[in-house]
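input.cif (mmCIF, N, CA and C atoms)
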data_entry
#
loop_
_atom_site.label_atom_id
_atom_site.label_comp_id
_atom_site.auth_asym_id
_atom_site.auth_seq_id
_atom_site.Cartn_x
_atom_site.Cartn_y
_atom_site.Cartn_z
N MET A 1 -9.36 9.67 -2.77
CA MET A 1 -9.57 8.69 -1.73
C MET A 1 -8.90 7.39 -2.15
N THR A 2 -8.55 6.60 -1.18
CA THR A 2 -7.94 5.31 -1.48
C THR A 2 -8.91 4.18 -1.17
N LEU A 3 -8.59 3.02 -1.67
CA LEU A 3 -9.45 1.85 -1.46
C LEU A 3 -9.59 1.53 0.03
N SER A 4 -8.56 1.78 0.81
CA SER A 4 -8.62 1.51 2.25
C SER A 4 -9.58 2.45 2.97
N ASP A 5 -9.92 3.61 2.36
CA ASP A 5 -10.85 4.58 2.95
C ASP A 5 -12.30 4.32 2.56
N LEU A 6 -12.52 3.43 1.61
CA LEU A 6 -13.87 3.17 1.10
C LEU A 6 -14.75 2.56 2.17
N ALA A 7 -15.99 3.00 2.22
CA ALA A 7 -16.95 2.47 3.20
C ALA A 7 -17.31 1.02 2.84
N LEU A 8 -17.59 0.25 3.87
CA LEU A 8 -17.95 -1.15 3.69
C LEU A 8 -19.16 -1.28 2.76
N TYR A 9 -19.12 -2.23 1.85
CA TYR A 9 -20.16 -2.53 0.85
C TYR A 9 -20.29 -1.47 -0.23
N SER A 10 -19.37 -0.51 -0.28
CA SER A 10 -19.41 0.53 -1.30
C SER A 10 -18.62 0.11 -2.53
N SER A 11 -18.99 0.72 -3.66
CA SER A 11 -18.28 0.48 -4.91
C SER A 11 -17.55 1.74 -5.32
N ALA A 12 -16.50 1.55 -6.10
CA ALA A 12 -15.70 2.66 -6.58
C ALA A 12 -15.06 2.27 -7.91
N VAL A 13 -14.45 3.26 -8.55
CA VAL A 13 -13.73 3.02 -9.80
C VAL A 13 -12.26 3.35 -9.55
N VAL A 14 -11.39 2.47 -10.00
CA VAL A 14 -9.94 2.66 -9.83
C VAL A 14 -9.47 3.81 -10.71
N GLU A 15 -8.70 4.71 -10.12
CA GLU A 15 -8.09 5.82 -10.86
C GLU A 15 -6.62 5.52 -11.15
N SER A 16 -5.92 4.98 -10.16
CA SER A 16 -4.50 4.64 -10.34
C SER A 16 -4.00 3.79 -9.19
N VAL A 17 -2.82 3.24 -9.38
CA VAL A 17 -2.10 2.51 -8.33
C VAL A 17 -0.81 3.28 -8.10
N GLN A 18 -0.59 3.69 -6.86
CA GLN A 18 0.60 4.48 -6.53
C GLN A 18 1.84 3.60 -6.48
N GLU A 19 2.87 4.03 -7.21
CA GLU A 19 4.16 3.34 -7.18
C GLU A 19 5.07 4.11 -6.24
N LEU A 20 5.66 3.44 -5.27
CA LEU A 20 6.51 4.10 -4.28
C LEU A 20 7.95 4.26 -4.75
N HIS A 21 8.35 3.45 -5.73
CA HIS A 21 9.70 3.53 -6.28
C HIS A 21 9.70 2.84 -7.64
N ALA A 22 10.80 2.99 -8.37
CA ALA A 22 10.92 2.33 -9.67
C ALA A 22 10.86 0.81 -9.49
N ASN A 23 10.24 0.15 -10.43
CA ASN A 23 10.09 -1.31 -10.39
C ASN A 23 9.42 -1.79 -9.10
N ASP A 24 8.37 -1.10 -8.68
CA ASP A 24 7.64 -1.43 -7.46
C ASP A 24 6.85 -2.72 -7.68
N ALA A 25 7.29 -3.80 -7.05
CA ALA A 25 6.69 -5.12 -7.25
C ALA A 25 5.24 -5.18 -6.76
N ILE A 26 4.94 -4.51 -5.67
CA ILE A 26 3.57 -4.55 -5.14
C ILE A 26 2.62 -3.82 -6.09
N ALA A 27 3.01 -2.65 -6.57
CA ALA A 27 2.17 -1.90 -7.51
C ALA A 27 1.97 -2.71 -8.79
N ARG A 28 3.01 -3.33 -9.28
CA ARG A 28 2.91 -4.15 -10.49
C ARG A 28 1.95 -5.32 -10.27
N ARG A 29 2.05 -5.96 -9.12
CA ARG A 29 1.19 -7.12 -8.82
C ARG A 29 -0.28 -6.68 -8.70
N LEU A 30 -0.53 -5.54 -8.06
CA LEU A 30 -1.90 -5.05 -7.94
C LEU A 30 -2.50 -4.80 -9.33
N LYS A 31 -1.72 -4.24 -10.22
CA LYS A 31 -2.19 -4.01 -11.60
C LYS A 31 -2.46 -5.33 -12.31
N GLU A 32 -1.58 -6.31 -12.11
CA GLU A 32 -1.77 -7.63 -12.72
C GLU A 32 -3.04 -8.30 -12.22
N LEU A 33 -3.41 -8.03 -10.97
CA LEU A 33 -4.62 -8.62 -10.39
C LEU A 33 -5.90 -7.96 -10.92
N GLY A 34 -5.75 -6.81 -11.59
CA GLY A 34 -6.92 -6.16 -12.17
C GLY A 34 -7.23 -4.78 -11.64
N PHE A 35 -6.40 -4.26 -10.75
CA PHE A 35 -6.61 -2.92 -10.21
C PHE A 35 -6.02 -1.90 -11.20
N VAL A 36 -6.76 -1.68 -12.28
CA VAL A 36 -6.33 -0.77 -13.35
C VAL A 36 -7.37 0.33 -13.52
N LYS A 37 -6.94 1.44 -14.11
CA LYS A 37 -7.80 2.61 -14.30
C LYS A 37 -9.10 2.22 -14.99
N GLY A 38 -10.22 2.66 -14.39
CA GLY A 38 -11.53 2.41 -14.96
C GLY A 38 -12.23 1.16 -14.46
N GLU A 39 -11.52 0.30 -13.75
CA GLU A 39 -12.10 -0.95 -13.26
C GLU A 39 -12.94 -0.68 -12.00
N GLU A 40 -14.11 -1.28 -11.93
CA GLU A 40 -14.97 -1.12 -10.76
C GLU A 40 -14.55 -2.11 -9.68
N VAL A 41 -14.49 -1.62 -8.44
CA VAL A 41 -14.14 -2.44 -7.28
C VAL A 41 -15.20 -2.26 -6.20
N ARG A 42 -15.29 -3.24 -5.32
CA ARG A 42 -16.26 -3.18 -4.22
C ARG A 42 -15.60 -3.72 -2.96
N LEU A 43 -15.79 -3.01 -1.85
CA LEU A 43 -15.28 -3.48 -0.56
C LEU A 43 -16.33 -4.39 0.06
N VAL A 44 -16.02 -5.67 0.12
CA VAL A 44 -16.99 -6.69 0.54
C VAL A 44 -16.98 -6.92 2.05
N ALA A 45 -15.78 -6.93 2.65
CA ALA A 45 -15.69 -7.21 4.09
C ALA A 45 -14.38 -6.68 4.64
N ARG A 46 -14.35 -6.54 5.96
CA ARG A 46 -13.14 -6.17 6.69
C ARG A 46 -12.86 -7.25 7.73
N GLY A 47 -11.61 -7.52 7.95
CA GLY A 47 -11.22 -8.54 8.92
C GLY A 47 -11.58 -8.13 10.34
N PRO A 48 -11.60 -9.10 11.25
CA PRO A 48 -12.03 -8.84 12.62
C PRO A 48 -11.01 -8.09 13.49
N VAL A 49 -9.73 -8.21 13.17
CA VAL A 49 -8.70 -7.59 14.00
C VAL A 49 -8.09 -6.41 13.25
N GLY A 50 -8.36 -5.20 13.73
CA GLY A 50 -7.81 -4.01 13.08
C GLY A 50 -8.37 -3.77 11.69
N ALA A 51 -9.54 -4.35 11.41
CA ALA A 51 -10.19 -4.23 10.10
C ALA A 51 -9.26 -4.68 8.98
N GLU A 52 -8.45 -5.70 9.26
CA GLU A 52 -7.52 -6.21 8.27
C GLU A 52 -7.59 -7.72 8.24
N PRO A 53 -7.55 -8.38 7.10
CA PRO A 53 -7.42 -7.82 5.76
C PRO A 53 -8.76 -7.29 5.24
N LEU A 54 -8.68 -6.62 4.09
CA LEU A 54 -9.87 -6.14 3.40
C LEU A 54 -10.20 -7.13 2.30
N LEU A 55 -11.47 -7.50 2.19
CA LEU A 55 -11.91 -8.37 1.11
C LEU A 55 -12.49 -7.48 0.02
N VAL A 56 -11.84 -7.47 -1.13
CA VAL A 56 -12.18 -6.57 -2.23
C VAL A 56 -12.56 -7.40 -3.45
N GLN A 57 -13.62 -6.98 -4.12
CA GLN A 57 -14.05 -7.67 -5.33
C GLN A 57 -13.75 -6.81 -6.55
N VAL A 58 -13.10 -7.44 -7.54
CA VAL A 58 -12.82 -6.82 -8.84
C VAL A 58 -13.45 -7.75 -9.87
N GLY A 59 -14.48 -7.27 -10.56
CA GLY A 59 -15.20 -8.16 -11.47
C GLY A 59 -15.87 -9.25 -10.67
N PHE A 60 -15.58 -10.51 -11.01
CA PHE A 60 -16.16 -11.64 -10.28
C PHE A 60 -15.15 -12.29 -9.35
N THR A 61 -14.00 -11.65 -9.17
CA THR A 61 -12.93 -12.21 -8.37
C THR A 61 -12.75 -11.41 -7.08
N ARG A 62 -12.50 -12.12 -5.99
CA ARG A 62 -12.29 -11.47 -4.70
C ARG A 62 -10.85 -11.67 -4.23
N PHE A 63 -10.30 -10.61 -3.64
CA PHE A 63 -8.93 -10.63 -3.13
C PHE A 63 -8.91 -10.13 -1.70
N ALA A 64 -8.05 -10.71 -0.89
CA ALA A 64 -7.78 -10.19 0.45
C ALA A 64 -6.54 -9.33 0.36
N LEU A 65 -6.67 -8.06 0.73
CA LEU A 65 -5.56 -7.12 0.68
C LEU A 65 -5.25 -6.58 2.06
N ARG A 66 -3.98 -6.35 2.32
CA ARG A 66 -3.60 -5.63 3.54
C ARG A 66 -4.05 -4.18 3.38
N ARG A 67 -4.27 -3.51 4.48
CA ARG A 67 -4.67 -2.10 4.42
C ARG A 67 -3.58 -1.27 3.72
N SER A 68 -2.33 -1.60 3.95
CA SER A 68 -1.24 -0.85 3.31
C SER A 68 -1.26 -1.02 1.79
N GLU A 69 -1.66 -2.18 1.31
CA GLU A 69 -1.79 -2.39 -0.14
C GLU A 69 -2.98 -1.63 -0.69
N ALA A 70 -4.11 -1.71 0.00
CA ALA A 70 -5.32 -1.01 -0.44
C ALA A 70 -5.13 0.50 -0.43
N ALA A 71 -4.28 0.99 0.47
CA ALA A 71 -4.03 2.43 0.56
C ALA A 71 -3.27 2.96 -0.65
N ARG A 72 -2.70 2.07 -1.44
CA ARG A 72 -1.97 2.48 -2.64
C ARG A 72 -2.85 2.56 -3.87
N ILE A 73 -4.12 2.15 -3.74
CA ILE A 73 -5.05 2.15 -4.87
C ILE A 73 -5.96 3.37 -4.75
N VAL A 74 -5.80 4.32 -5.65
CA VAL A 74 -6.60 5.55 -5.65
C VAL A 74 -7.90 5.27 -6.39
N VAL A 75 -9.03 5.59 -5.73
CA VAL A 75 -10.35 5.31 -6.31
C VAL A 75 -11.25 6.54 -6.22
N THR A 76 -12.32 6.50 -7.00
CA THR A 76 -13.40 7.48 -6.89
C THR A 76 -14.65 6.70 -6.57
N ALA A 77 -15.28 7.04 -5.45
CA ALA A 77 -16.51 6.35 -5.06
C ALA A 77 -17.57 6.57 -6.13
N LEU A 78 -18.36 5.55 -6.43
CA LEU A 78 -19.34 5.66 -7.50
C LEU A 78 -20.38 6.75 -7.23
N GLN A 79 -20.83 6.88 -5.98
CA GLN A 79 -21.82 7.90 -5.67
C GLN A 79 -21.25 9.29 -5.95
N ALA A 80 -20.01 9.55 -5.53
CA ALA A 80 -19.38 10.84 -5.74
C ALA A 80 -19.15 11.07 -7.23
N ARG A 81 -18.78 10.02 -7.95
CA ARG A 81 -18.52 10.15 -9.38
C ARG A 81 -19.81 10.47 -10.13
N GLU A 82 -20.93 9.80 -9.78
CA GLU A 82 -22.21 10.05 -10.43
C GLU A 82 -22.71 11.46 -10.16
N ALA A 83 -22.46 11.99 -8.95
CA ALA A 83 -22.90 13.33 -8.60
C ALA A 83 -22.15 14.40 -9.40
N ASN A 84 -20.87 14.11 -9.74
CA ASN A 84 -20.06 15.05 -10.51
C ASN A 84 -20.34 14.97 -12.01
N ALA A 85 -21.00 13.93 -12.47
CA ALA A 85 -21.24 13.75 -13.92
C ALA A 85 -22.36 14.63 -14.43
#

Take the structure I supplied and represent it as structure tokens, if you would.
Amino acid sequence: MTLSDLALYSSAVVESVQELHANDAIARRLKELGFVKGEEVRLVARGPVGAEPLLVQVGFTRFALRRSEAARIVVTALQAREANA
């Protein structure tokens, strides 16, 4: 599942950031912002028009992401992860 598919107010753990091509600036920037493997994220809010942007919390920091950016972040929902453990 991707971060853009996560239910509102749900938490997940980042598995990876998809790179679309070599030297992908968006993927690099997402990683620099803290979207790295093992990091917990939470979907805090969705925008009013087309549910965009998404307000995502990583640690104590919140970021507004476009849906296309969030769709590049592969996550595992915490509930699903706990059930598989």

ask   = What residues in segment 16-74 of chain A get the DSSP label helix (DSSP H, G or I)? Please answer as a ChimeraX atom specification.
value = /A:25-32,67-70

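Distances to Val14 of chain A were evaluated for A:Arg42, A:Lys37, A:Lys31, A:Arg67 using only N, CA and C atoms, and the minimum falls at A:Lys37.
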
key: Interatomic distance (Å, one decimal) between atom CA of Gly50 of chain A and atom N of Gly38 of chain A   = 28.4 Å

request  = Work out how far atom N of Val49 of chain A is from atom C of Glu19 of chain A, in Å to one decimal.
outcome  = 27.3 Å

Within 7 Å of segment 69-81 of chain A using only C-alpha atoms, minus same-chain residues under 6 positions, as a list in words = Met1, Thr2, Leu3, Ser4, Ser11, Ala12, Val13, Val14, Glu15, Ser16, Val17 and Gln18 of chain A

task = For the structure shown, which residues end up in the PyMOL selection byres ((chain A and resi 64) around 6.5)? Put them as a PyMOL selection string, please?
result = chain A and resi 53-56+62-63+65-66

key: Two-atom distance - atom CA of Pro48 of chain A, atom CA of Ala27 of chain A (Å)   =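 Calculated distance between atom CA of Pro48 of chain A and atom CA of Ala27 of chain A is 25.6 Å.
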
message = When you count only C-alpha atoms, which of these residues is closest to Leu33 of chain A: A:Glu52, A:Phe60, A:Leu20, A:Tyr9?
response = A:Phe60

task = List every residue of segment 4-73 of chain A that DSSP, applied to the backbone of this structure, places in strand (DSSP E or B), and write the result as JSON, numbers by chain.
result = {"A": [11, 12, 13, 14, 15, 16, 17, 40, 41, 42, 43, 44, 45, 46, 47, 48, 49, 52, 53, 54, 55, 56, 57, 58, 61, 62, 63, 64, 65, 73]}

key: Nearest to Glu39 of chain A by atom-to-atom distance, counting only C-alpha atoms, from A:Ser10, A:Gln57, A:Asn23, A:Ser68   = A:Gln57
